[in-house]
Amino acid sequence: MEASLVLIIIMGVLFACGVYAMLERSLTRVLIGFLLLGNAANLFIIISMGPPGIAPFYGAGERDEMSDPLPQALTLTAIVITFAISAFLLALIYRSWQLGQADDVSDDEADIAVRERTGDPGDTMDDETEIEDADAEDTTDFVGLASTPITVLGNRDLAGLSDDAGVDRPAPLRRDHRTVSEDDDA
């Protein structure tokens with residue numbers, strides 16, 4: 001298999017420019033970087049396809065003369081995925097422009113606090129050990145009813161709600177040794 005050196009260089013440049021553009025703080029540049037990465041990935045799949053051949057239909061020719069259909073299908077899939085994520089990023093850019101008249105991602109208070117944090121690396125684990133010291137029966141991060149995102153309702157809460165749902169308990173064992181057909185006869 002021979003690949004064109006020019007296509008390989010173009011693919012490498014597209015990957016490098018795409019990664020560089022995605023590391024910017026502007027959402028528009030992130031979108032451009034993602035599009036460059038998508039095109040570089042498509043070019044990589046096409047390069048790996050090998051030499052062109054006849055259409056891969058049964059009976060069209062010998063196997064060696066046919067082109068491989070899998071990279072073609074992967075390229076079409078990559079195009080669709082790139083289009084979908086690009087549409088999402090465009091909607092994100094539009095909403096960001098509506099809210100802040102800018103498409104730059106700014107630092108929030110948590111980012112600034114993490115950047116300014118200096119000290120012992122063991123200090124970051126203190127928050128987690130406090131949670132572990134709580135009751136061993138607590139299996140949720142939501143301690144207390146005020147912070148629970150889901151409210152379980154029963155028939156005492158709403159008049160139209162019935163609590164007759166099935167439960168996952170094993171059926172009780174029968175003590176007599178009669179079969180089902182003997183029960184029907186009796």
# chains A, B, ... in the order shown; residues from 1 in each chain; ligands from 1
$ residues_around --residues "range 8-16 of chain A" --least-positions-apart "5" --cutoff "7 Å" --atoms "only C-alpha atoms" --output "list in words"
Leu36, Leu37, Ala40, Leu43 and Phe44 of chain A
$ write_last_selection --atoms "N, CA and C atoms" --output "short mmCIF file (atom, residue, chain, number, x, y, z; two decimals), in the first residue's frame"
data_model
loop_
_atom_site.label_atom_id
_atom_site.label_comp_id
_atom_site.auth_asym_id
_atom_site.auth_seq_id
_atom_site.Cartn_x
_atom_site.Cartn_y
_atom_site.Cartn_z
N LEU A 36 -11.48 21.13 11.91
CA LEU A 36 -10.19 20.70 11.36
C LEU A 36 -9.84 19.28 11.79
N LEU A 37 -10.11 18.95 13.06
CA LEU A 37 -9.85 17.58 13.53
C LEU A 37 -10.74 16.57 12.81
N ALA A 40 -9.31 16.08 9.38
CA ALA A 40 -8.07 15.30 9.46
C ALA A 40 -8.37 13.82 9.69
N LEU A 43 -9.55 12.34 6.44
CA LEU A 43 -8.41 12.16 5.54
C LEU A 43 -7.58 10.95 5.96
N PHE A 44 -7.43 10.75 7.27
CA PHE A 44 -6.70 9.59 7.76
C PHE A 44 -7.38 8.29 7.36
#
$ select_by_dssp --residues "range 53-122 of chain A" --states "alpha helix (DSSP H)" --output "ChimeraX atom specification"
/A:69-100,109-116
$ residues_around --residues "Gln72 in chain A" --least-positions-apart "2" --cutoff "12 Å" --atoms "only C-alpha atoms" --output "CSV table (one decimal) with C-alpha atoms, in the first residue's frame"
chain,number,residue,atom,x,y,z
A,42,ASN,CA,-11.6,11.7,7.5
A,43,LEU,CA,-8.4,12.2,5.5
A,44,PHE,CA,-6.7,9.6,7.8
A,45,ILE,CA,-9.4,7.0,7.1
A,46,ILE,CA,-9.3,7.7,3.4
A,47,ILE,CA,-5.5,7.4,3.3
A,48,SER,CA,-5.7,4.1,5.2
A,49,MET,CA,-8.2,2.7,2.7
A,50,GLY,CA,-5.6,1.8,0.2
A,52,PRO,CA,-8.9,2.8,-5.3
A,55,ALA,CA,-17.2,-0.8,-6.5
A,56,PRO,CA,-17.4,-3.6,-4.0
A,67,SER,CA,-11.9,-1.2,-2.9
A,68,ASP,CA,-12.5,-1.7,0.8
A,69,PRO,CA,-16.0,-0.6,1.8
A,70,LEU,CA,-15.3,-0.3,5.5
A,74,LEU,CA,-16.4,4.9,8.6
A,75,THR,CA,-15.8,8.2,6.7
A,76,LEU,CA,-19.6,8.7,6.2
A,77,THR,CA,-20.2,8.0,9.9
A,78,ALA,CA,-17.4,10.5,10.9
A,79,ILE,CA,-18.9,13.2,8.7
$ residues_around --residues "Leu92 in chain A" --least-positions-apart "4" --cutoff "10 Å" --atoms "only C-alpha atoms" --output "CSV table (one decimal) with C-alpha atoms, in the first residue's frame"
chain,number,residue,atom,x,y,z
A,27,LEU,CA,-15.8,29.0,21.4
A,28,THR,CA,-15.6,29.9,17.7
A,86,SER,CA,-20.7,21.2,15.0
A,87,ALA,CA,-24.4,22.0,15.2
A,88,PHE,CA,-24.3,21.6,19.0
A,96,SER,CA,-23.2,32.3,24.9
A,97,TRP,CA,-23.4,35.3,22.6
A,98,GLN,CA,-27.0,36.0,23.7
A,103,ASP,CA,-17.9,33.8,23.0
$ atom_distance --atom1 "CA of Arg25 in chain A" --atom2 "CA of Ser106 in chain A"
7.7 Å
$ atom_distance --atom1 "CA of Asp107 in chain A" --atom2 "CA of Gly18 in chain A"
22.8 Å
$ atom_distance --atom1 "CA of Asp104 in chain A" --atom2 "CA of Val19 in chain A"
17.3 Å
$ closest_residue --among "A:Val105, A:Ile54, A:Ala110, A:Ile85" --to "Leu31 in chain A" --atoms "only C-alpha atoms"
A:Ile85
